[in-house]
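Okay, start.cif is below, mmCIF, C-alpha atoms:
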data_input
loop_
_atom_site.group_PDB
_atom_site.id
_atom_site.type_symbol
_atom_site.label_atom_id
_atom_site.label_comp_id
_atom_site.auth_asym_id
_atom_site.auth_seq_id
_atom_site.Cartn_x
_atom_site.Cartn_y
_atom_site.Cartn_z
ATOM 1 C CA MET A 1 -4.995 -38.284 -9.199
ATOM 2 C CA ASN A 2 -3.052 -37.784 -5.973
ATOM 3 C CA THR A 3 -4.033 -39.561 -2.750
ATOM 4 C CA ILE A 4 -5.434 -36.488 -1.013
ATOM 5 C CA VAL A 5 -7.676 -35.595 -3.955
ATOM 6 C CA LYS A 6 -8.887 -39.206 -4.289
ATOM 7 C CA TYR A 7 -9.590 -39.412 -0.563
ATOM 8 C CA THR A 8 -11.438 -36.093 -0.606
ATOM 9 C CA VAL A 9 -13.662 -37.295 -3.456
ATOM 10 C CA VAL A 10 -14.307 -40.646 -1.738
ATOM 11 C CA ALA A 11 -14.893 -39.006 1.644
ATOM 12 C CA GLY A 12 -17.299 -36.535 0.050
ATOM 13 C CA ALA A 13 -19.249 -39.353 -1.552
ATOM 14 C CA ALA A 14 -19.242 -41.282 1.723
ATOM 15 C CA ALA A 15 -20.499 -38.254 3.625
ATOM 16 C CA TRP A 16 -23.240 -37.842 1.035
ATOM 17 C CA LEU A 17 -24.288 -41.472 1.543
ATOM 18 C CA LEU A 18 -23.945 -41.203 5.333
ATOM 19 C CA ALA A 19 -26.160 -38.148 5.446
ATOM 20 C CA GLY A 20 -28.662 -39.708 3.069
ATOM 21 C CA CYS A 21 -28.999 -42.764 5.297
ATOM 22 C CA ALA A 22 -29.381 -40.803 8.505
ATOM 23 C CA THR A 23 -32.776 -40.583 10.089
ATOM 24 C CA SER A 24 -34.244 -37.655 11.946
ATOM 25 C CA ARG A 25 -34.344 -39.522 15.280
ATOM 26 C CA THR A 26 -33.508 -37.191 18.121
ATOM 27 C CA ASP A 27 -33.763 -39.569 21.061
ATOM 28 C CA LEU A 28 -29.998 -40.004 21.422
ATOM 29 C CA PRO A 29 -28.810 -38.281 24.620
ATOM 30 C CA THR A 30 -25.952 -35.816 24.224
ATOM 31 C CA VAL A 31 -23.654 -33.892 26.556
ATOM 32 C CA ALA A 32 -25.398 -30.970 28.233
ATOM 33 C CA ASN A 33 -23.608 -27.651 27.812
ATOM 34 C CA VAL A 34 -20.694 -29.003 25.789
ATOM 35 C CA ASP A 35 -17.998 -26.332 25.379
ATOM 36 C CA LEU A 36 -16.855 -26.413 21.753
ATOM 37 C CA GLU A 37 -13.789 -24.303 22.571
ATOM 38 C CA ARG A 38 -12.631 -27.015 24.968
ATOM 39 C CA TYR A 39 -13.693 -29.747 22.543
ATOM 40 C CA ALA A 40 -11.580 -28.270 19.735
ATOM 41 C CA GLY A 41 -8.125 -29.710 19.188
ATOM 42 C CA THR A 42 -6.709 -33.117 18.360
ATOM 43 C CA TRP A 43 -8.561 -36.357 19.086
ATOM 44 C CA TYR A 44 -7.262 -39.897 18.507
ATOM 45 C CA GLU A 45 -9.687 -42.624 17.555
ATOM 46 C CA GLN A 46 -9.692 -45.586 19.951
ATOM 47 C CA ALA A 47 -12.620 -47.588 18.563
ATOM 48 C CA ARG A 48 -15.371 -47.319 15.960
ATOM 49 C CA LEU A 49 -18.231 -49.108 14.338
ATOM 50 C CA PRO A 50 -17.102 -50.224 10.872
ATOM 51 C CA ASN A 51 -17.963 -47.833 8.058
ATOM 52 C CA LYS A 52 -17.203 -47.667 4.331
ATOM 53 C CA PHE A 53 -15.331 -44.374 4.392
ATOM 54 C CA GLN A 54 -12.752 -45.752 6.864
ATOM 55 C CA ASP A 55 -12.387 -49.236 5.354
ATOM 56 C CA ASP A 56 -8.802 -48.587 4.267
ATOM 57 C CA CYS A 57 -7.719 -47.001 7.575
ATOM 58 C CA VAL A 58 -5.497 -49.466 9.434
ATOM 59 C CA GLY A 59 -4.189 -47.200 12.193
ATOM 60 C CA ASP A 60 -3.099 -43.810 13.490
ATOM 61 C CA VAL A 61 -6.586 -42.359 13.066
ATOM 62 C CA LYS A 62 -6.944 -38.818 14.331
ATOM 63 C CA ALA A 63 -9.095 -35.749 13.879
ATOM 64 C CA GLU A 64 -8.270 -32.087 14.357
ATOM 65 C CA TYR A 65 -11.147 -29.711 15.131
ATOM 66 C CA THR A 66 -10.635 -25.954 14.844
ATOM 67 C CA LEU A 67 -13.361 -23.444 15.730
ATOM 68 C CA ARG A 68 -14.124 -20.886 13.064
ATOM 69 C CA ALA A 69 -16.490 -17.964 12.727
ATOM 70 C CA MET A 70 -20.256 -18.330 13.170
ATOM 71 C CA ASN A 71 -20.105 -21.604 15.142
ATOM 72 C CA THR A 72 -18.471 -23.535 12.329
ATOM 73 C CA ILE A 73 -15.662 -26.030 12.787
ATOM 74 C CA ARG A 74 -12.829 -26.987 10.464
ATOM 75 C CA VAL A 75 -12.382 -30.761 10.532
ATOM 76 C CA VAL A 76 -9.252 -32.544 9.311
ATOM 77 C CA ASN A 77 -9.337 -36.343 9.537
ATOM 78 C CA GLN A 78 -6.254 -38.437 8.963
ATOM 79 C CA CYS A 79 -5.293 -42.118 9.031
ATOM 80 C CA ARG A 80 -2.597 -44.542 7.954
ATOM 81 C CA THR A 81 -3.482 -46.987 5.172
ATOM 82 C CA GLU A 82 -2.202 -50.533 4.594
ATOM 83 C CA ASP A 83 0.626 -49.340 2.329
ATOM 84 C CA GLY A 84 1.812 -46.907 5.008
ATOM 85 C CA SER A 85 0.557 -43.778 3.286
ATOM 86 C CA ILE A 86 -1.425 -41.131 5.127
ATOM 87 C CA LYS A 87 -4.845 -40.201 3.840
ATOM 88 C CA THR A 88 -6.449 -36.917 4.789
ATOM 89 C CA ALA A 89 -9.965 -35.547 4.430
ATOM 90 C CA GLU A 90 -11.138 -32.033 5.237
ATOM 91 C CA ALA A 91 -14.658 -31.075 6.234
ATOM 92 C CA VAL A 92 -16.701 -28.351 7.838
ATOM 93 C CA GLY A 93 -18.901 -28.801 10.879
ATOM 94 C CA ARG A 94 -21.838 -26.770 12.152
ATOM 95 C CA LEU A 95 -24.564 -26.899 14.774
ATOM 96 C CA SER A 96 -27.244 -29.324 13.634
ATOM 97 C CA ARG A 97 -30.173 -27.768 11.852
ATOM 98 C CA LYS A 98 -32.300 -30.867 12.487
ATOM 99 C CA VAL A 99 -32.943 -30.058 16.143
ATOM 100 C CA THR A 100 -34.203 -27.029 18.015
ATOM 101 C CA PRO A 101 -33.094 -25.405 20.081
ATOM 102 C CA ARG A 102 -29.604 -25.568 18.614
ATOM 103 C CA ASP A 103 -27.293 -27.695 20.745
ATOM 104 C CA PRO A 104 -23.470 -27.554 20.511
ATOM 105 C CA ALA A 105 -23.335 -31.315 21.217
ATOM 106 C CA ARG A 106 -25.446 -32.023 18.124
ATOM 107 C CA LEU A 107 -23.325 -31.215 15.128
ATOM 108 C CA GLN A 108 -23.408 -31.930 11.430
ATOM 109 C CA VAL A 109 -20.311 -32.467 9.293
ATOM 110 C CA ARG A 110 -19.935 -32.049 5.527
ATOM 111 C CA PHE A 111 -17.081 -33.586 3.529
ATOM 112 C CA ALA A 112 -18.813 -32.745 0.244
ATOM 113 C CA PRO A 113 -17.661 -29.687 -1.727
ATOM 114 C CA ASP A 114 -18.817 -26.193 -0.742
ATOM 115 C CA TRP A 115 -21.191 -25.992 -3.695
ATOM 116 C CA LEU A 116 -23.239 -28.792 -2.083
ATOM 117 C CA ALA A 117 -23.545 -27.027 1.291
ATOM 118 C CA TRP A 118 -27.184 -26.143 0.521
ATOM 119 C CA ALA A 119 -28.172 -29.832 0.276
ATOM 120 C CA SER A 120 -29.272 -31.288 3.610
ATOM 121 C CA ALA A 121 -28.161 -34.734 2.382
ATOM 122 C CA ALA A 122 -24.557 -33.452 2.223
ATOM 123 C CA TRP A 123 -24.463 -33.153 6.025
ATOM 124 C CA GLY A 124 -23.900 -36.139 8.332
ATOM 125 C CA ASP A 125 -24.732 -36.189 12.030
ATOM 126 C CA TYR A 126 -21.953 -35.969 14.638
ATOM 127 C CA TRP A 127 -23.468 -36.029 18.112
ATOM 128 C CA ILE A 128 -21.284 -35.798 21.206
ATOM 129 C CA MET A 129 -22.867 -38.340 23.538
ATOM 130 C CA ARG A 130 -20.331 -38.249 26.362
ATOM 131 C CA VAL A 131 -17.243 -36.350 27.455
ATOM 132 C CA GLU A 132 -15.089 -37.852 30.208
ATOM 133 C CA GLY A 133 -12.437 -36.241 32.379
ATOM 134 C CA ASP A 134 -11.392 -32.730 31.494
ATOM 135 C CA TYR A 135 -12.370 -33.183 27.834
ATOM 136 C CA GLU A 136 -9.960 -36.121 27.680
ATOM 137 C CA TYR A 137 -12.384 -38.668 26.174
ATOM 138 C CA SER A 138 -15.363 -38.359 23.881
ATOM 139 C CA LEU A 139 -18.067 -40.714 22.672
ATOM 140 C CA VAL A 140 -19.595 -39.657 19.357
ATOM 141 C CA GLY A 141 -22.466 -41.293 17.533
ATOM 142 C CA THR A 142 -25.325 -40.771 15.139
ATOM 143 C CA PRO A 143 -29.007 -40.878 16.106
ATOM 144 C CA ASP A 144 -29.623 -43.744 13.657
ATOM 145 C CA ARG A 145 -27.057 -45.809 15.678
ATOM 146 C CA LYS A 146 -25.050 -46.711 12.542
ATOM 147 C CA TYR A 147 -21.907 -44.725 13.362
ATOM 148 C CA LEU A 148 -19.940 -44.618 16.606
ATOM 149 C CA TRP A 149 -16.477 -43.435 17.631
ATOM 150 C CA VAL A 150 -14.553 -43.441 20.919
ATOM 151 C CA LEU A 151 -11.957 -40.664 20.932
ATOM 152 C CA SER A 152 -9.230 -39.580 23.330
ATOM 153 C CA ARG A 153 -6.694 -36.779 23.554
ATOM 154 C CA GLN A 154 -3.857 -39.284 23.920
ATOM 155 C CA GLN A 155 -2.905 -41.908 21.353
ATOM 156 C CA GLN A 156 -2.813 -44.557 24.064
ATOM 157 C CA ALA A 157 -6.068 -44.412 25.986
ATOM 158 C CA ASP A 158 -7.063 -46.026 29.250
ATOM 159 C CA PRO A 159 -8.805 -49.272 28.166
ATOM 160 C CA MET A 160 -11.167 -49.081 31.154
ATOM 161 C CA VAL A 161 -12.453 -45.647 30.075
ATOM 162 C CA VAL A 162 -12.859 -46.830 26.485
ATOM 163 C CA GLN A 163 -14.820 -49.864 27.691
ATOM 164 C CA ARG A 164 -16.985 -47.713 29.967
ATOM 165 C CA LEU A 165 -17.882 -45.500 26.996
ATOM 166 C CA LEU A 166 -18.665 -48.536 24.843
ATOM 167 C CA ASP A 167 -20.832 -49.989 27.617
ATOM 168 C CA TYR A 168 -22.764 -46.714 27.702
ATOM 169 C CA ALA A 169 -23.147 -46.774 23.897
ATOM 170 C CA GLU A 170 -24.616 -50.270 24.152
ATOM 171 C CA THR A 171 -27.258 -49.000 26.595
ATOM 172 C CA GLN A 172 -28.178 -46.422 23.946
ATOM 173 C CA GLY A 173 -28.845 -49.060 21.276
ATOM 174 C CA PHE A 174 -25.476 -49.253 19.467
ATOM 175 C CA ASP A 175 -24.280 -52.689 18.319
ATOM 176 C CA THR A 176 -20.998 -52.657 20.220
ATOM 177 C CA ASP A 177 -20.296 -56.306 19.307
ATOM 178 C CA GLN A 178 -19.287 -54.926 15.894
ATOM 179 C CA VAL A 179 -16.880 -52.261 17.251
ATOM 180 C CA LEU A 180 -13.311 -52.290 15.941
ATOM 181 C CA ALA A 181 -10.409 -51.261 18.150
ATOM 182 C CA THR A 182 -8.162 -48.749 16.422
ATOM 183 C CA ARG A 183 -4.485 -49.633 16.103
#

Can I see the file as structure tokens?
Amino acid sequence: MNTIVKYTVVAGAAAWLLAGCATSRTDLPTVANVDLERYAGTWYEQARLPNKFQDDCVGDVKAEYTLRAMNTIRVVNQCRTEDGSIKTAEAVGRLSRKVTPRDPARLQVRFAPDWLAWASAAWGDYWIMRVEGDYEYSLVGTPDRKYLWVLSRQQQADPMVVQRLLDYAETQGFDTDQVLATR
């Protein structure tokens, strides 16, 4: 089985588990009036809470978001593994169906195959908690506080901005002592 297929299967299973573990908490503040057109594009991971589906990512972690019809988003995640290979996972994002009214900062992402799109457990939360600058930095988390990412448009981010976003995440109940810096 080639690396992309293996990663897609593993990422799908991880997304299934992620979604199954998520709670319906909605008390996590998100960005008001986030503009998904401006949010689309390439983001480089600067830091994250450890998670099973990224265990073998050792660096060069990035995500590409492309807006599609009907408020859906094509997601392509990529990272470098220990042996130097690149692993890629594709997903689809949508406005969260767990909250009303619908909020473009509260998204759900599905790495599972299309035939599982009907299952709510196939969708994991992706909530945009903060955007800094002119959509230059983003803080993304899940309402259960188990998943957290600091993203930037540039591979080399300003460490002070990254720290400011992590400090904010800590005030929202995330265990930032466990955060890993991305290489």

Item to complete: For Arg68 (chain A), work out the shell of residues within 10 Å, counting all atoms listed in the file and skipping chain neighbours fewer than 5 positions away, then give it as number ranges by chain.
Response: A: 73-74, 92-94

Worksheet item: Using only C-alpha atoms, which of the listed residues (A:Pro143, A:Gly41, A:Pro101, A:Gly84) sits closest to Asp60 (chain A)?
Response: A:Gly84

Practice prompt. Would you work out the distance separating CA of Leu116 (chain A) from CA of Asn71 (chain A), expressed in Å to one decimal?
Written response: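 CA of Asn71 (chain A) lies at a distance of 18.9 Å from CA of Leu116 (chain A).
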
Discussion item. Between A:Glu90, A:Glu45, A:Glu170, A:Glu37, which residue has the minimum interatomic distance to Gln156 (chain A), considering all atoms listed in the file?
Written reply: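 Nearest candidate to Gln156 (chain A) out of A:Glu90, A:Glu45, A:Glu170, A:Glu37: A:Glu45.
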
Discussion item. If the PyMOL selection byres ((chain A and resi 125) around 6) were run on this exact file, what residues would it hold? Put them as a count of residues only.
Written reply: 4

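With all atoms listed in the file as the atoms that count, the minimum distance from Trp43 (chain A) to the choices A:Asn77, A:Ser120, A:Gln163, A:Thr88 is reached by A:Asn77.
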
Item to complete: Give me the result of the PyMOL selection byres ((chain A and resi 136-141) around 9) on this file, residue by residue, as a VMD selection string.
Response: chain A and resid 28 30 39 43 125 to 135 142 to 154 157 161 to 162 165 to 166 169 174

Fill in: CA of Gly173 (chain A) to CA of Lys52 (chain A), distance in Å rounded to a single decimal
20.6 Å

Item to complete: Might you spell out which residues the PyMOL selection byres ((chain A and resi 80) around 9) would select in the displayed file, as a list of chain:residue names?
Response: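 Selected by the PyMOL selection byres ((chain A and resi 80) around 9) here: A:Asp56, A:Cys57, A:Val58, A:Gly59, A:Asp60, A:Val61, A:Gln78, A:Cys79, A:Thr81, A:Glu82, A:Asp83, A:Gly84, A:Ser85, A:Ile86, A:Lys87.
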
Worksheet, complete the sentence: CA of Ala121 (chain A) to CA of Thr72 (chain A) measures 17.8 Å

Worksheet item: Which residue out of A:Ala91, A:Ser96, A:Val75, A:Thr42 has the minimum interatomic distance to Asp114 (chain A) when all atoms listed in the file are used?
Response: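 The answer is A:Ala91, which sits nearest to Asp114 (chain A).
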
Item to complete: Pick out the closest residue to Ala181 (chain A) from this set: A:Arg164, A:Arg97, A:Arg110, A:Arg48. Count all atoms listed in the file.
Response: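 Closest candidate: A:Arg48.
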
Discussion item. From the options A:Ala32, A:Asp177, A:Leu67, A:Tyr44, which residue's atoms come nearest to Arg102 (chain A), counting only C-alpha atoms?
Written reply: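 Of the candidates, the smallest distance to Arg102 (chain A) is held by A:Ala32.
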